[in-house]
Amino acid sequence: MKRKNRRTQALVAALALIVVAATAYVLISRNEQQAMAARQAEIAARSQQVMPFDLERTTHRFAKSATGGVQTVTSDNPADAEQVKLIRQHLTAEAAGFSKGDYGDPASIHGGEMPGLRDLEQGHSRIDIRYAELPAGARITYTTSDAPLVSALHAWFDAQVTDHGQHAEHG
């Protein structure tokens, strides 16, 4: 009888531990989601100071490749000539700045500790950065044979997608 009682007590204790752990997980997850939503709202507000186009009417795509990646910004409505014009103006200026190691705009939006940012600034001369127009916007293609810079570009792309939330996606 004592043995059965001990088993029951052990089972109850194990179940209680599982319930406590599950509850903690849910609370932590909820806090992380709230923190992420707050961060994305902050990023959207900062973006309005840097990007002339409307985030609600455009989409950012970040497609990784073995040699870097492609950043695309397009108008959700390809016939919206004003958004297309603003996208092209902005990405033209960004590509020129990035080619010189000037990543000030992303730093002002995402913060100076943005993943990959410092490596991209320091290694800019080893990255081929090309701007091209698209029917509904524009793209910047980043190409390098430097593996650490490819990793930095990928980390930078991931941070962009995470920070911009609904306004960005992996391509």
# chains A, B, ... in the order shown; residues from 1 in each chain; ligands from 1
call {"tool": "select_by_dssp", "arguments": {"residues": "segment 56-167 of chain A", "states": "alpha helix (DSSP H)", "output": "PyMOL selection string"}}
result
chain A and resi 81-99+104-110+117-122+147-164
call {"tool": "residues_around", "arguments": {"residues": "Ala79 of chain A", "least_positions_apart": "3", "cutoff": "12 Å", "atoms": "only C-alpha atoms", "output": "NGL selection string"}}
result
:A and (57 or 74-76 or 82-85 or 135-137)
call {"tool": "select_by_dssp", "arguments": {"residues": "chain A", "states": "strand (DSSP E or B)", "output": "PyMOL selection string"}}
result
chain A and resi 58-65+68-75+128-134+137-143+168-170
call {"tool": "residues_around", "arguments": {"residues": "Phe157 of chain A", "least_positions_apart": "6", "cutoff": "8 Å", "atoms": "only C-alpha atoms", "output": "PyMOL selection string"}}
result
chain A and resi 62-64
call {"tool": "closest_residue", "arguments": {"among": "A:Gln71, A:Gln166, A:Asn5, A:Thr144", "to": "Ile87 of chain A", "atoms": "only C-alpha atoms"}}
result
A:Gln71
call {"tool": "atom_distance", "arguments": {"atom1": "atom CA of Arg130 of chain A", "atom2": "atom CA of Tyr142 of chain A"}}
result
6.7 Å
call {"tool": "atom_distance", "arguments": {"atom1": "atom CA of Pro52 of chain A", "atom2": "atom CA of Arg139 of chain A"}}
result
15.8 Å
call {"tool": "residues_around", "arguments": {"residues": "Asp102 of chain A", "least_positions_apart": "5", "cutoff": "10 Å", "atoms": "only C-alpha atoms", "output": "number ranges by chain"}}
result
A: 94-97, 107, 120-122, 124
call {"tool": "residues_around", "arguments": {"residues": "segment 145-156 of chain A", "least_positions_apart": "5", "cutoff": "6 Å", "atoms": "only C-alpha atoms", "output": "ChimeraX atom specification"}}
result
/A:68,115-116
call {"tool": "residues_around", "arguments": {"residues": "Ile109 of chain A", "least_positions_apart": "5", "cutoff": "10 Å", "atoms": "only C-alpha atoms", "output": "number ranges by chain"}}
result
A: 42-51, 104, 114, 160, 163
call {"tool": "write_last_selection", "arguments": {"atoms": "C-alpha atoms", "output": "CSV table (one decimal), in the first residue's frame"}}
result
chain,number,residue,atom,x,y,z
A,42,GLU,CA,8.6,51.0,-33.3
A,43,ILE,CA,10.4,49.9,-36.5
A,44,ALA,CA,7.4,51.0,-38.6
A,45,ALA,CA,7.4,54.4,-37.0
A,46,ARG,CA,11.1,54.9,-37.6
A,47,SER,CA,10.8,53.6,-41.1
A,48,GLN,CA,8.4,56.5,-41.9
A,49,GLN,CA,11.4,58.9,-41.1
A,50,VAL,CA,13.7,57.1,-43.6
A,51,MET,CA,11.6,55.5,-46.4
A,104,GLY,CA,23.1,54.7,-41.8
A,114,MET,CA,21.4,45.1,-36.1
A,160,GLN,CA,14.9,43.0,-41.7
A,163,ASP,CA,11.7,43.7,-37.6
call {"tool": "residues_around", "arguments": {"residues": "Ser125 of chain A", "least_positions_apart": "4", "cutoff": "8 Å", "atoms": "only C-alpha atoms", "output": "list in words"}}
result
Ser99, Lys100 and Gly101 of chain A
call {"tool": "decode", "arguments": {"residues": "segment 2-148 of chain A", "atoms": "C-alpha atoms", "output": "PDB file, in the first residue's frame"}}
result
ATOM      1  CA  LYS A   2       2.857   2.390   0.861  1.00  0.00           C
ATOM      2  CA  ARG A   3       4.494   1.644  -2.478  1.00  0.00           C
ATOM      3  CA  LYS A   4       1.273   2.484  -4.376  1.00  0.00           C
ATOM      4  CA  ASN A   5       0.870   5.700  -2.343  1.00  0.00           C
ATOM      5  CA  ARG A   6       4.432   6.777  -3.185  1.00  0.00           C
ATOM      6  CA  ARG A   7       3.827   6.113  -6.880  1.00  0.00           C
ATOM      7  CA  THR A   8       0.676   8.194  -6.767  1.00  0.00           C
ATOM      8  CA  GLN A   9       2.497  11.022  -4.987  1.00  0.00           C
ATOM      9  CA  ALA A  10       5.331  10.867  -7.535  1.00  0.00           C
ATOM     10  CA  LEU A  11       2.848  10.908 -10.414  1.00  0.00           C
ATOM     11  CA  VAL A  12       0.968  13.884  -8.937  1.00  0.00           C
ATOM     12  CA  ALA A  13       4.262  15.735  -8.387  1.00  0.00           C
ATOM     13  CA  ALA A  14       5.370  15.024 -11.968  1.00  0.00           C
ATOM     14  CA  LEU A  15       2.048  16.220 -13.359  1.00  0.00           C
ATOM     15  CA  ALA A  16       2.218  19.379 -11.238  1.00  0.00           C
ATOM     16  CA  LEU A  17       5.715  20.052 -12.558  1.00  0.00           C
ATOM     17  CA  ILE A  18       4.491  19.633 -16.146  1.00  0.00           C
ATOM     18  CA  VAL A  19       1.603  22.043 -15.538  1.00  0.00           C
ATOM     19  CA  VAL A  20       3.954  24.638 -14.000  1.00  0.00           C
ATOM     20  CA  ALA A  21       6.419  24.292 -16.890  1.00  0.00           C
ATOM     21  CA  ALA A  22       3.671  24.562 -19.514  1.00  0.00           C
ATOM     22  CA  THR A  23       2.209  27.635 -17.835  1.00  0.00           C
ATOM     23  CA  ALA A  24       5.630  29.296 -17.692  1.00  0.00           C
ATOM     24  CA  TYR A  25       6.174  28.511 -21.378  1.00  0.00           C
ATOM     25  CA  VAL A  26       2.846  30.090 -22.342  1.00  0.00           C
ATOM     26  CA  LEU A  27       3.545  33.215 -20.275  1.00  0.00           C
ATOM     27  CA  ILE A  28       7.046  33.614 -21.700  1.00  0.00           C
ATOM     28  CA  SER A  29       5.759  33.072 -25.221  1.00  0.00           C
ATOM     29  CA  ARG A  30       3.021  35.682 -24.712  1.00  0.00           C
ATOM     30  CA  ASN A  31       5.571  38.189 -23.358  1.00  0.00           C
ATOM     31  CA  GLU A  32       7.870  37.536 -26.322  1.00  0.00           C
ATOM     32  CA  GLN A  33       4.991  38.080 -28.753  1.00  0.00           C
ATOM     33  CA  GLN A  34       4.063  41.356 -27.061  1.00  0.00           C
ATOM     34  CA  ALA A  35       7.696  42.491 -27.143  1.00  0.00           C
ATOM     35  CA  MET A  36       7.954  41.576 -30.840  1.00  0.00           C
ATOM     36  CA  ALA A  37       4.750  43.483 -31.665  1.00  0.00           C
ATOM     37  CA  ALA A  38       6.056  46.545 -29.811  1.00  0.00           C
ATOM     38  CA  ARG A  39       9.397  46.318 -31.644  1.00  0.00           C
ATOM     39  CA  GLN A  40       7.673  46.040 -35.030  1.00  0.00           C
ATOM     40  CA  ALA A  41       5.501  49.076 -34.275  1.00  0.00           C
ATOM     41  CA  GLU A  42       8.635  51.023 -33.300  1.00  0.00           C
ATOM     42  CA  ILE A  43      10.390  49.940 -36.517  1.00  0.00           C
ATOM     43  CA  ALA A  44       7.378  50.979 -38.620  1.00  0.00           C
ATOM     44  CA  ALA A  45       7.392  54.414 -36.974  1.00  0.00           C
ATOM     45  CA  ARG A  46      11.139  54.870 -37.571  1.00  0.00           C
ATOM     46  CA  SER A  47      10.765  53.632 -41.147  1.00  0.00           C
ATOM     47  CA  GLN A  48       8.447  56.536 -41.917  1.00  0.00           C
ATOM     48  CA  GLN A  49      11.351  58.886 -41.144  1.00  0.00           C
ATOM     49  CA  VAL A  50      13.670  57.137 -43.643  1.00  0.00           C
ATOM     50  CA  MET A  51      11.550  55.534 -46.358  1.00  0.00           C
ATOM     51  CA  PRO A  52       9.467  57.905 -48.479  1.00  0.00           C
ATOM     52  CA  PHE A  53       6.981  55.255 -49.612  1.00  0.00           C
ATOM     53  CA  ASP A  54       4.042  53.858 -47.653  1.00  0.00           C
ATOM     54  CA  LEU A  55       4.862  50.614 -45.847  1.00  0.00           C
ATOM     55  CA  GLU A  56       1.184  49.692 -45.852  1.00  0.00           C
ATOM     56  CA  ARG A  57       1.124  49.825 -49.658  1.00  0.00           C
ATOM     57  CA  THR A  58       4.435  48.112 -50.411  1.00  0.00           C
ATOM     58  CA  THR A  59       6.183  44.807 -49.755  1.00  0.00           C
ATOM     59  CA  HIS A  60       9.834  44.159 -48.927  1.00  0.00           C
ATOM     60  CA  ARG A  61      11.265  40.778 -49.944  1.00  0.00           C
ATOM     61  CA  PHE A  62      14.645  39.466 -48.912  1.00  0.00           C
ATOM     62  CA  ALA A  63      15.820  36.430 -50.884  1.00  0.00           C
ATOM     63  CA  LYS A  64      19.054  34.804 -49.740  1.00  0.00           C
ATOM     64  CA  SER A  65      21.436  33.211 -52.209  1.00  0.00           C
ATOM     65  CA  ALA A  66      24.707  31.301 -52.008  1.00  0.00           C
ATOM     66  CA  THR A  67      26.586  34.500 -52.908  1.00  0.00           C
ATOM     67  CA  GLY A  68      24.501  37.067 -50.988  1.00  0.00           C
ATOM     68  CA  GLY A  69      20.931  37.916 -51.825  1.00  0.00           C
ATOM     69  CA  VAL A  70      18.329  40.152 -53.392  1.00  0.00           C
ATOM     70  CA  GLN A  71      16.304  42.854 -51.642  1.00  0.00           C
ATOM     71  CA  THR A  72      13.130  43.785 -53.508  1.00  0.00           C
ATOM     72  CA  VAL A  73      10.604  46.493 -52.715  1.00  0.00           C
ATOM     73  CA  THR A  74       7.431  46.585 -54.785  1.00  0.00           C
ATOM     74  CA  SER A  75       4.171  48.456 -54.712  1.00  0.00           C
ATOM     75  CA  ASP A  76       1.256  46.219 -53.754  1.00  0.00           C
ATOM     76  CA  ASN A  77      -0.568  47.969 -56.598  1.00  0.00           C
ATOM     77  CA  PRO A  78       1.737  48.031 -59.649  1.00  0.00           C
ATOM     78  CA  ALA A  79      -0.396  50.840 -61.137  1.00  0.00           C
ATOM     79  CA  ASP A  80       0.412  53.119 -58.171  1.00  0.00           C
ATOM     80  CA  ALA A  81       2.944  55.243 -60.042  1.00  0.00           C
ATOM     81  CA  GLU A  82       3.715  57.429 -57.001  1.00  0.00           C
ATOM     82  CA  GLN A  83       4.698  54.472 -54.795  1.00  0.00           C
ATOM     83  CA  VAL A  84       6.782  52.938 -57.601  1.00  0.00           C
ATOM     84  CA  LYS A  85       8.590  56.267 -58.109  1.00  0.00           C
ATOM     85  CA  LEU A  86       9.282  56.646 -54.368  1.00  0.00           C
ATOM     86  CA  ILE A  87      10.542  53.057 -54.087  1.00  0.00           C
ATOM     87  CA  ARG A  88      12.945  53.581 -56.990  1.00  0.00           C
ATOM     88  CA  GLN A  89      14.253  56.868 -55.613  1.00  0.00           C
ATOM     89  CA  HIS A  90      14.861  55.333 -52.203  1.00  0.00           C
ATOM     90  CA  LEU A  91      16.537  52.145 -53.411  1.00  0.00           C
ATOM     91  CA  THR A  92      18.716  54.104 -55.860  1.00  0.00           C
ATOM     92  CA  ALA A  93      20.014  56.187 -52.948  1.00  0.00           C
ATOM     93  CA  GLU A  94      20.383  53.147 -50.659  1.00  0.00           C
ATOM     94  CA  ALA A  95      22.383  51.174 -53.234  1.00  0.00           C
ATOM     95  CA  ALA A  96      24.716  54.149 -53.734  1.00  0.00           C
ATOM     96  CA  GLY A  97      25.197  54.547 -49.981  1.00  0.00           C
ATOM     97  CA  PHE A  98      25.674  50.828 -49.315  1.00  0.00           C
ATOM     98  CA  SER A  99      28.335  50.694 -52.055  1.00  0.00           C
ATOM     99  CA  LYS A 100      30.287  53.264 -50.020  1.00  0.00           C
ATOM    100  CA  GLY A 101      29.727  51.496 -46.695  1.00  0.00           C
ATOM    101  CA  ASP A 102      26.971  53.868 -45.591  1.00  0.00           C
ATOM    102  CA  TYR A 103      24.332  51.785 -43.817  1.00  0.00           C
ATOM    103  CA  GLY A 104      23.111  54.749 -41.771  1.00  0.00           C
ATOM    104  CA  ASP A 105      19.487  54.419 -42.844  1.00  0.00           C
ATOM    105  CA  PRO A 106      19.084  50.797 -41.687  1.00  0.00           C
ATOM    106  CA  ALA A 107      20.977  51.649 -38.493  1.00  0.00           C
ATOM    107  CA  SER A 108      18.603  54.549 -37.778  1.00  0.00           C
ATOM    108  CA  ILE A 109      15.610  52.244 -38.245  1.00  0.00           C
ATOM    109  CA  HIS A 110      16.846  49.001 -36.671  1.00  0.00           C
ATOM    110  CA  GLY A 111      19.597  50.222 -34.351  1.00  0.00           C
ATOM    111  CA  GLY A 112      23.363  50.094 -34.607  1.00  0.00           C
ATOM    112  CA  GLU A 113      23.516  46.563 -33.256  1.00  0.00           C
ATOM    113  CA  MET A 114      21.440  45.119 -36.090  1.00  0.00           C
ATOM    114  CA  PRO A 115      22.797  41.666 -37.021  1.00  0.00           C
ATOM    115  CA  GLY A 116      25.263  41.809 -39.914  1.00  0.00           C
ATOM    116  CA  LEU A 117      25.305  45.601 -40.106  1.00  0.00           C
ATOM    117  CA  ARG A 118      28.857  46.294 -38.897  1.00  0.00           C
ATOM    118  CA  ASP A 119      30.303  43.524 -41.078  1.00  0.00           C
ATOM    119  CA  LEU A 120      28.537  44.950 -44.137  1.00  0.00           C
ATOM    120  CA  GLU A 121      29.823  48.453 -43.394  1.00  0.00           C
ATOM    121  CA  GLN A 122      33.386  47.240 -42.935  1.00  0.00           C
ATOM    122  CA  GLY A 123      33.321  44.822 -45.878  1.00  0.00           C
ATOM    123  CA  HIS A 124      31.415  46.992 -48.346  1.00  0.00           C
ATOM    124  CA  SER A 125      34.297  47.051 -50.832  1.00  0.00           C
ATOM    125  CA  ARG A 126      34.042  43.255 -51.174  1.00  0.00           C
ATOM    126  CA  ILE A 127      30.298  43.301 -51.986  1.00  0.00           C
ATOM    127  CA  ASP A 128      29.020  44.003 -55.495  1.00  0.00           C
ATOM    128  CA  ILE A 129      25.816  46.007 -55.034  1.00  0.00           C
ATOM    129  CA  ARG A 130      23.577  46.478 -58.061  1.00  0.00           C
ATOM    130  CA  TYR A 131      20.349  48.423 -58.385  1.00  0.00           C
ATOM    131  CA  ALA A 132      17.691  47.487 -60.958  1.00  0.00           C
ATOM    132  CA  GLU A 133      14.198  48.723 -61.669  1.00  0.00           C
ATOM    133  CA  LEU A 134      11.249  46.348 -61.682  1.00  0.00           C
ATOM    134  CA  PRO A 135       7.790  47.032 -63.158  1.00  0.00           C
ATOM    135  CA  ALA A 136       6.298  47.615 -59.672  1.00  0.00           C
ATOM    136  CA  GLY A 137       9.404  48.893 -57.841  1.00  0.00           C
ATOM    137  CA  ALA A 138      13.093  48.056 -57.654  1.00  0.00           C
ATOM    138  CA  ARG A 139      15.676  45.654 -56.300  1.00  0.00           C
ATOM    139  CA  ILE A 140      19.186  45.643 -54.935  1.00  0.00           C
ATOM    140  CA  THR A 141      21.330  42.577 -55.585  1.00  0.00           C
ATOM    141  CA  TYR A 142      24.217  41.880 -53.202  1.00  0.00           C
ATOM    142  CA  THR A 143      26.979  39.544 -54.423  1.00  0.00           C
ATOM    143  CA  THR A 144      30.206  38.504 -52.721  1.00  0.00           C
ATOM    144  CA  SER A 145      32.579  35.553 -52.683  1.00  0.00           C
ATOM    145  CA  ASP A 146      33.464  36.319 -49.045  1.00  0.00           C
ATOM    146  CA  ALA A 147      31.686  33.663 -46.931  1.00  0.00           C
ATOM    147  CA  PRO A 148      31.586  35.768 -43.735  1.00  0.00           C
TER     148      PRO A 148
END
